[in-house]
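Engineer: Following this line is entry25.txt, made up of compact mmCIF, C-alpha atoms:
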# COMPACT_ATOMS: atom_id res chain seq x y z
CA MET A 1406 99.35 111.00 52.84
CA GLU A 1407 100.25 112.31 49.40
CA ILE A 1408 99.00 112.72 45.83
CA ARG A 1409 101.54 112.21 43.05
CA ARG A 1410 100.75 113.35 39.54
CA GLU A 1411 102.16 110.86 37.06
CA ASP A 1412 101.81 110.33 33.29
CA ARG A 1413 99.25 107.59 33.85
CA GLY A 1414 97.25 109.83 36.18
CA PRO A 1415 97.33 110.78 39.88
CA ARG A 1416 98.62 108.22 42.37
CA LEU A 1417 97.27 108.28 45.94
CA ILE A 1418 99.78 107.32 48.63
CA ALA A 1419 98.26 105.83 51.80
CA SER A 1420 100.09 104.80 54.97
CA ARG A 1421 99.24 101.70 56.93
CA THR A 1422 101.20 103.10 59.89
CA HIS A 1423 99.11 106.28 60.20
CA LYS A 1424 96.72 106.28 63.16
CA GLN A 1425 93.90 107.58 60.92
CA LEU A 1426 93.90 104.14 59.29
CA ILE A 1427 92.54 102.88 62.62
CA MET A 1428 89.73 105.44 62.43
CA ARG A 1429 88.71 104.33 58.93
CA LEU A 1430 88.84 100.62 59.79
CA PHE A 1431 86.58 101.19 62.79
CA GLU A 1432 84.17 103.17 60.60
CA MET A 1433 84.03 100.23 58.20
CA GLU A 1434 83.49 97.57 60.87
CA VAL A 1435 81.42 99.41 63.51
CA PRO A 1436 78.11 100.88 62.27
CA GLU A 1437 77.74 102.93 65.48
CA ILE A 1438 80.96 104.79 64.67
CA TYR A 1439 80.00 105.28 61.03
CA ASN A 1440 76.60 106.78 61.94
CA GLY A 1441 78.07 108.87 64.81
CA THR A 1442 76.38 107.33 67.85
CA VAL A 1443 79.80 106.19 69.08
CA GLU A 1444 82.75 108.54 68.73
CA ILE A 1445 86.48 107.83 68.74
CA LYS A 1446 88.00 110.51 70.98
CA SER A 1447 91.65 109.51 70.96
CA ILE A 1448 94.00 107.05 69.29
CA ALA A 1449 97.50 106.10 70.41
CA ARG A 1450 99.42 103.73 68.19
CA GLU A 1451 102.74 101.98 67.79
CA PRO A 1452 102.27 100.54 64.27
CA GLY A 1453 102.52 96.79 64.01
CA LEU A 1454 102.59 96.34 67.77
CA ARG A 1455 99.69 97.83 69.70
CA THR A 1456 96.97 100.47 69.47
CA LYS A 1457 94.76 101.99 72.16
CA VAL A 1458 91.47 103.59 71.17
CA GLY A 1459 89.38 105.76 73.49
CA VAL A 1460 85.66 105.77 72.63
CA THR A 1461 82.55 107.41 74.04
CA ALA A 1462 78.82 107.11 73.36
CA ARG A 1463 76.94 110.13 72.01
CA GLN A 1464 73.59 108.50 72.66
CA GLU A 1465 72.31 107.28 76.01
CA GLY A 1466 72.00 103.53 76.47
CA ILE A 1467 74.80 102.56 74.08
CA ASP A 1468 77.90 100.70 75.28
CA PRO A 1469 80.73 102.24 73.21
CA VAL A 1470 83.31 99.59 74.06
CA GLY A 1471 80.88 96.71 73.44
CA SER A 1472 79.86 98.23 70.11
CA CYS A 1473 83.47 98.30 68.95
CA VAL A 1474 84.29 94.81 70.14
CA GLY A 1475 81.13 93.27 68.69
CA MET A 1476 79.42 89.97 69.40
CA ARG A 1477 82.06 87.45 70.50
CA GLY A 1478 84.71 89.99 69.47
CA VAL A 1479 83.99 89.62 65.73
CA ARG A 1480 84.27 93.33 64.87
CA ILE A 1481 87.55 93.98 66.64
CA GLN A 1482 88.99 90.71 65.32
CA ASN A 1483 88.30 91.81 61.75
CA ILE A 1484 90.27 94.99 62.38
CA VAL A 1485 93.11 93.05 64.04
CA ASN A 1486 93.26 90.73 61.03
CA GLU A 1487 93.44 93.72 58.65
CA LEU A 1488 96.39 95.00 60.70
CA ASN A 1489 98.19 91.64 60.55
CA GLY A 1490 97.69 90.85 64.23
CA GLU A 1491 98.36 94.28 65.74
CA LYS A 1492 96.84 94.27 69.23
CA ILE A 1493 94.03 96.74 69.92
CA ASP A 1494 92.72 97.91 73.30
CA VAL A 1495 89.37 99.73 73.27
CA VAL A 1496 88.70 101.77 76.43
CA GLN A 1497 85.97 104.04 77.75
CA TRP A 1498 87.03 107.65 77.22
CA SER A 1499 86.60 110.53 79.64
CA SER A 1500 88.12 113.98 79.25
CA GLU A 1501 87.54 114.81 82.93
CA SER A 1502 90.27 114.01 85.46
CA GLU A 1503 87.87 112.10 87.72
CA GLY A 1504 87.05 109.91 84.73
CA PHE A 1505 90.66 108.75 84.60
CA HIS A 1506 89.70 105.95 87.00
CA ARG A 1507 87.15 104.59 84.54
CA GLN A 1508 89.20 104.69 81.38
CA ARG A 1509 91.19 101.53 82.17
CA ALA A 1510 93.77 102.78 79.67
CA LEU A 1511 96.37 100.48 81.20
CA ALA A 1512 94.37 97.30 80.62
CA ALA A 1513 95.42 96.16 84.10
CA GLN A 1514 93.84 95.99 87.54
CA VAL A 1515 94.19 99.32 89.34
CA VAL A 1516 94.20 99.67 93.14
CA GLU A 1517 94.35 103.46 93.35
CA VAL A 1518 94.86 106.52 91.15
CA GLN A 1519 96.49 109.64 92.59
CA LEU A 1520 95.83 112.63 90.33
CA ARG A 1521 97.85 115.85 90.19
CA ASP A 1522 95.67 118.07 88.04
CA ASP A 1523 98.06 121.03 88.08
CA GLU A 1524 100.80 118.83 86.56
CA HIS A 1525 98.37 116.80 84.41
CA ALA A 1526 100.02 113.73 85.88
CA ALA A 1527 98.79 110.59 87.59
CA THR A 1528 100.37 107.96 89.80
CA VAL A 1529 98.66 104.62 89.26
CA ILE A 1530 98.97 101.95 91.94
CA VAL A 1531 98.62 98.35 90.78
CA PRO A 1532 98.96 94.99 92.58
CA ASP A 1533 102.50 93.63 92.60
CA LYS A 1534 101.55 90.83 90.21
CA GLN A 1535 100.05 93.33 87.74
CA LEU A 1536 103.07 95.65 87.60
CA SER A 1537 104.70 94.07 84.53
CA LEU A 1538 101.35 93.96 82.72
CA ALA A 1539 100.63 97.61 83.48
CA ILE A 1540 104.04 98.75 82.26
CA GLY A 1541 104.08 96.45 79.24
CA LYS A 1542 107.01 95.18 77.23
CA GLU A 1543 109.70 97.89 77.20
CA GLY A 1544 107.15 100.30 78.69
CA GLN A 1545 104.85 100.07 75.66
CA ASN A 1546 101.56 99.78 77.56
CA VAL A 1547 102.07 102.76 79.89
CA ARG A 1548 103.56 104.80 77.04
CA LEU A 1549 100.47 104.30 74.88
CA ALA A 1550 98.19 104.98 77.85
CA ALA A 1551 99.95 108.30 78.38
CA LYS A 1552 99.56 109.23 74.70
CA LEU A 1553 95.91 108.21 74.73
CA THR A 1554 94.92 110.20 77.82
CA GLY A 1555 97.35 113.10 77.45
CA TRP A 1556 98.47 112.54 81.06
CA ARG A 1557 101.93 111.70 82.34
CA ILE A 1558 101.53 108.34 84.08
CA ASP A 1559 103.77 106.86 86.77
CA ILE A 1560 103.21 103.20 87.64
CA LYS A 1561 103.94 101.88 91.12
CA SER A 1562 103.29 98.56 92.77
CA ALA A 1563 101.30 98.48 96.01
CA THR A 1564 104.38 97.27 97.90
CA ALA A 1565 106.56 100.06 96.46
CA LEU A 1566 103.95 102.64 97.47
CA LEU A 1567 103.82 101.23 100.99
CA ASP A 1568 107.63 101.35 101.28
CA GLU A 1569 107.67 104.91 99.94
CA GLU A 1570 104.97 106.06 102.38
CA ARG A 1571 106.84 104.39 105.26
CA ALA A 1572 110.09 106.13 104.26
CA GLN A 1573 108.29 109.48 103.99
CA ALA A 1574 106.76 108.95 107.43
CA GLU A 1575 110.20 108.23 108.88
CA VAL A 1576 111.58 111.42 107.30
CA ARG A 1577 108.66 113.43 108.70
CA ASP A 1578 109.12 111.92 112.16
CA ALA A 1579 112.85 112.69 112.08
CA ALA A 1580 112.15 116.27 110.98
CA ASP A 1581 109.54 116.70 113.72
CA ALA A 1582 111.94 115.31 116.33
CA GLU A 1583 114.69 117.63 115.12
CA ALA A 1584 112.34 120.62 115.24
CA LEU A 1585 111.30 119.77 118.80
CA ALA A 1586 114.93 119.36 119.87
CA THR A 1587 115.83 122.68 118.25
CA GLU A 1588 112.90 124.41 119.90
CA ALA A 1589 113.88 122.99 123.30
CA ALA A 1590 117.50 124.04 122.80
CA LEU A 1591 116.49 127.56 121.78
CA SER A 1592 114.20 127.93 124.79
CA THR A 1593 117.17 127.40 127.13
CA ALA A 1594 119.86 129.06 125.01
CA LYS A 1595 121.61 132.12 126.33
CA VAL A 1596 120.57 135.34 124.59
CA GLU A 1597 123.41 137.65 123.54
CA THR A 1598 123.09 141.08 121.98
CA ARG A 1599 125.25 142.54 119.24
CA LYS A 1600 125.31 145.72 117.22
CA VAL A 1601 125.32 145.26 113.48
CA ARG A 1602 128.66 146.42 112.10
CA PRO A 1603 129.07 148.97 109.27
CA ASP A 1604 129.61 146.06 106.86
CA SER A 1605 126.16 144.70 107.88
CA MET A 1606 127.76 141.74 109.70
CA VAL A 1607 127.67 140.58 113.33
CA MET A 1608 130.39 138.80 115.29
CA TYR A 1609 129.82 135.57 117.18
CA GLN A 1610 132.58 133.35 118.57
CA ASN A 1611 135.19 135.19 116.49
CA ASN A 1612 133.26 134.57 113.28
CA ARG A 1613 131.38 137.03 111.11
CA TYR A 1614 127.78 136.29 110.09
CA GLY A 1615 125.69 138.17 107.55
CA PRO A 1616 125.16 140.41 105.72
CA LEU A 1617 121.92 141.30 107.45
CA GLY A 1618 120.97 144.28 105.29
CA ASP A 1619 121.97 147.92 105.23
CA ASP A 1620 118.82 148.96 107.11
CA LEU A 1621 120.08 147.09 110.20
CA ILE A 1622 123.52 148.75 110.37
CA GLY A 1623 123.97 150.14 113.89
CA GLU A 1624 120.86 148.33 115.15
CA THR A 1625 120.97 145.94 118.12
CA VAL A 1626 120.13 142.31 117.37
CA GLN A 1627 119.75 139.29 119.61
CA LEU A 1628 121.70 136.07 119.09
CA ARG A 1629 120.47 132.72 120.27
CA ALA A 1630 122.50 129.64 119.41
CA THR A 1631 122.02 125.89 119.58
CA SER A 1632 124.82 123.38 119.11
CA GLN A 1633 124.47 123.59 115.32
CA LYS A 1634 122.69 126.80 114.39
CA LEU A 1635 122.85 130.51 115.17
CA ASN A 1636 119.55 132.39 115.06
CA ILE A 1637 119.52 136.17 114.80
CA TYR A 1638 116.48 138.18 115.92
CA HIS A 1639 115.53 141.83 115.62
CA ASN A 1640 112.55 143.16 117.58
CA ASP A 1641 111.64 139.56 118.51
CA ARG A 1642 111.50 138.56 114.84
CA LEU A 1643 113.80 135.93 113.34
CA ILE A 1644 115.71 137.58 110.52
CA ALA A 1645 118.48 135.07 109.76
CA SER A 1646 119.81 131.60 110.59
CA TYR A 1647 123.32 130.28 110.03
CA MET A 1648 124.90 126.88 110.50
CA LEU A 1649 127.73 127.08 113.02
CA ASP A 1650 131.22 126.04 111.99
CA ASP A 1651 131.91 122.76 113.83
CA GLU A 1652 135.66 123.35 113.75
CA GLU A 1653 135.36 126.84 115.21
CA GLU A 1654 132.94 125.56 117.83
CA LYS A 1655 135.41 122.80 118.77
CA LYS A 1656 138.21 125.37 119.04
CA ASP A 1657 136.09 127.43 121.41
CA GLU A 1658 135.28 124.35 123.50
CA ASP A 1659 138.98 123.40 123.65
CA ALA A 1660 139.87 126.95 124.66
CA ASP A 1661 137.27 126.86 127.44
CA GLU A 1662 138.66 123.53 128.68
CA GLU A 1663 142.25 124.86 128.67
CA LYS A 1664 141.13 127.96 130.57
CA ALA A 1665 139.36 125.79 133.15
CA VAL A 1666 142.49 123.64 133.60
CA GLU A 1667 144.68 126.71 134.09
CA GLU A 1668 142.30 128.07 136.71
Please re-express this file's structure in structure tokens.

Structural biologist:
Amino acid sequence: MEIRREDRGPRLIASRTHKQLIMRLFEMEVPEIYNGTVEIKSIAREPGLRTKVGVTARQEGIDPVGSCVGMRGVRIQNIVNELNGEKIDVVQWSSESEGFHRQRALAAQVVEVQLRDDEHAATVIVPDKQLSLAIGKEGQNVRLAAKLTGWRIDIKSATALLDEERAQAEVRDAADAEALATEAALSTAKVETRKVRPDSMVMYQNNRYGPLGDDLIGETVQLRATSQKLNIYHNDRLIASYMLDDEEEKKDEDADEEKAVEE
């Protein structure tokens, strides 16, 4: 980390919390890393607590994870002992998005991985019983996995995903039903014509709607209204939609009723 020049000679300052310490310890304990047949691609560390190491083989036929762990876990245990019990997860590394499934960076059972390459983000679905394990204490496990892979990771349980998909389906169904109802209402709605006023507005039920644009001033437009929305067309093309004022609409209905009673 630093070289200090002192009267007795230079003093070298090393840090046990630096993630490069992990690299050097693996080089000391794993011959395949020292000679380059296994490569450490990424390290994510919370010193004293947990470290995740992504490794890959540079020679066919070599198991990079097995090489780091060693027979009966001897190699990795030596490193853990040197770090005073800091936990270490060694995972298969892949820089490609489709390799995300194989990395097992979460050290938990994974049901499904939904990748969003444009956002460099992933939603990982795990069994309900594995949710706490995947997230880790105070989010440590998923946080390290995100640092290791360089992806933003969202963890969801299978039940939560099912509930979310069901809610989304209900929203879609409601939107489809509303669209069908609107389409049916528009197909039977009375068509009224108006000329666009000099201020680029049109009048409907004593209310002004717009502006529609200076190029439409003096032009004739068609109005077609449902119970909630006013659609304005020009040359059979929808150019604007406005929500109707419920209070104004109620006033108009009351006025129509009063007129009917008087008649």

Engineer: Applying 12 Å and all atoms listed in the file, which residues near Gly1615 of chain A remain after dropping the ones on its own chain fewer than 3 positions away? List them as a short mmCIF file (atom, residue, chain, number, x, y, z; two decimals) with C-alpha atoms, keeping the file's coordinate frame.

Structural biologist:
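File written: around-v7.cif
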data_model
loop_
_atom_site.label_atom_id
_atom_site.label_comp_id
_atom_site.auth_asym_id
_atom_site.auth_seq_id
_atom_site.Cartn_x
_atom_site.Cartn_y
_atom_site.Cartn_z
CA VAL A 1601 125.32 145.26 113.48
CA ARG A 1602 128.66 146.42 112.10
CA PRO A 1603 129.07 148.97 109.27
CA ASP A 1604 129.61 146.06 106.86
CA SER A 1605 126.16 144.70 107.88
CA MET A 1606 127.76 141.74 109.70
CA VAL A 1607 127.67 140.58 113.33
CA MET A 1608 130.39 138.80 115.29
CA TYR A 1609 129.82 135.57 117.18
CA ASN A 1612 133.26 134.57 113.28
CA GLY A 1618 120.97 144.28 105.29
CA ASP A 1619 121.97 147.92 105.23
CA LEU A 1621 120.08 147.09 110.20
CA ILE A 1622 123.52 148.75 110.37
CA LEU A 1635 122.85 130.51 115.17
CA ASN A 1636 119.55 132.39 115.06
CA ILE A 1637 119.52 136.17 114.80
CA ILE A 1644 115.71 137.58 110.52
CA ALA A 1645 118.48 135.07 109.76
CA SER A 1646 119.81 131.60 110.59
CA TYR A 1647 123.32 130.28 110.03
CA MET A 1648 124.90 126.88 110.50
#

Engineer: Which residue, A:Ala1419, A:Leu1643, A:Ala1449, A:Met1476, has the smallest gap to Arg1548 of chain A when you use all atoms listed in the file?

Structural biologist: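 Using all atoms listed in the file, Arg1548 of chain A sits closest to A:Ala1449.
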
Engineer: What lies within 10 Å of Arg1463 of chain A using only C-alpha atoms, ignoring chain neighbours under 6 positions off, as a PyMOL selection string?

Structural biologist: chain A and resi 1437-1438+1441-1444+1469

Engineer: Record the distance separating atom CA of Ser1632 of chain A and atom CA of Leu1591 of chain A, expressed in Å with one decimal.

Structural biologist: 9.7 Å

Engineer: Put a box with edges along x, y and z around all the listed atoms of segment 1599-1603 of chain A, pad it by 4 Å on each side, then give me its centre and sizes in Å, one decimal, as lines of an AutoDock Vina configuration file.

Structural biologist:
center_x = 127.2
center_y = 145.8
center_z = 114.3
size_x = 11.8
size_y = 14.4
size_z = 18.0

Engineer: Would you list the residues near (82.6, 108.1, 76.6), meaning any protein, DNA or RNA residue with an atom at most 7 Å from that point in file coordinates, counting all atoms listed in the file, as a list in words?

Structural biologist: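 All residues meeting the 7 Å criterion around (82.6, 108.1, 76.6) are Val1460, Thr1461, Ala1462, Gln1497, Trp1498 and Ser1499 of chain A.
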
Engineer: Of the candidates A:Glu1570, A:Asp1494, A:Glu1411, A:Glu1451, which shows the shortest atom-to-atom distance to Gln1545 of chain A, using all atoms listed in the file?

Structural biologist: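 Of all the options, A:Glu1451 lies closest to Gln1545 of chain A.
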
Engineer: Provide segment 1549-1564 of chain A of the preceding structure as a file containing N, CA, C and O atoms, as a short mmCIF file (atom, residue, chain, number, x, y, z; two decimals), in the first residue's frame.

Structural biologist:
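And here is the file that came out, part.cif:
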data_model
loop_
_atom_site.label_atom_id
_atom_site.label_comp_id
_atom_site.auth_asym_id
_atom_site.auth_seq_id
_atom_site.Cartn_x
_atom_site.Cartn_y
_atom_site.Cartn_z
N LEU A 1549 -22.14 -8.89 -2.44
CA LEU A 1549 -20.86 -9.39 -2.95
C LEU A 1549 -21.01 -10.01 -4.33
O LEU A 1549 -20.13 -9.87 -5.18
N ALA A 1550 -22.13 -10.71 -4.54
CA ALA A 1550 -22.37 -11.31 -5.86
C ALA A 1550 -22.47 -10.24 -6.93
O ALA A 1550 -21.97 -10.41 -8.05
N ALA A 1551 -23.09 -9.12 -6.59
CA ALA A 1551 -23.21 -8.01 -7.54
C ALA A 1551 -21.84 -7.41 -7.84
O ALA A 1551 -21.51 -7.10 -8.99
N LYS A 1552 -21.01 -7.25 -6.81
CA LYS A 1552 -19.66 -6.71 -7.01
C LYS A 1552 -18.82 -7.67 -7.85
O LYS A 1552 -18.04 -7.25 -8.70
N LEU A 1553 -18.98 -8.95 -7.60
CA LEU A 1553 -18.18 -9.96 -8.30
C LEU A 1553 -18.51 -10.00 -9.79
O LEU A 1553 -17.62 -10.03 -10.64
N THR A 1554 -19.80 -9.98 -10.11
CA THR A 1554 -20.23 -10.14 -11.50
C THR A 1554 -20.31 -8.82 -12.25
O THR A 1554 -20.30 -8.80 -13.48
N GLY A 1555 -20.42 -7.70 -11.50
CA GLY A 1555 -20.61 -6.41 -12.15
C GLY A 1555 -22.05 -6.18 -12.60
O GLY A 1555 -22.33 -5.22 -13.31
N TRP A 1556 -22.97 -7.05 -12.16
CA TRP A 1556 -24.38 -6.93 -12.52
C TRP A 1556 -25.16 -6.48 -11.29
O TRP A 1556 -24.81 -6.81 -10.16
N ARG A 1557 -26.24 -5.71 -11.55
CA ARG A 1557 -27.18 -5.40 -10.47
C ARG A 1557 -28.11 -6.60 -10.33
O ARG A 1557 -28.70 -7.06 -11.30
N ILE A 1558 -28.23 -7.12 -9.12
CA ILE A 1558 -28.96 -8.36 -8.89
C ILE A 1558 -30.15 -8.10 -7.96
O ILE A 1558 -29.98 -7.56 -6.87
N ASP A 1559 -31.33 -8.51 -8.43
CA ASP A 1559 -32.53 -8.47 -7.60
C ASP A 1559 -32.91 -9.90 -7.26
O ASP A 1559 -32.99 -10.76 -8.15
N ILE A 1560 -33.16 -10.18 -5.99
CA ILE A 1560 -33.52 -11.52 -5.54
C ILE A 1560 -35.01 -11.57 -5.25
O ILE A 1560 -35.54 -10.70 -4.56
N LYS A 1561 -35.66 -12.59 -5.79
CA LYS A 1561 -37.09 -12.79 -5.51
C LYS A 1561 -37.33 -14.27 -5.22
O LYS A 1561 -36.70 -15.14 -5.81
N SER A 1562 -38.28 -14.50 -4.31
CA SER A 1562 -38.68 -15.88 -4.05
C SER A 1562 -39.65 -16.32 -5.14
O SER A 1562 -40.27 -15.50 -5.81
N ALA A 1563 -39.77 -17.64 -5.32
CA ALA A 1563 -40.66 -18.16 -6.35
C ALA A 1563 -42.10 -17.73 -6.09
O ALA A 1563 -42.84 -17.39 -7.02
N THR A 1564 -42.51 -17.71 -4.82
CA THR A 1564 -43.88 -17.30 -4.48
C THR A 1564 -44.09 -15.82 -4.81
O THR A 1564 -45.13 -15.44 -5.36
#
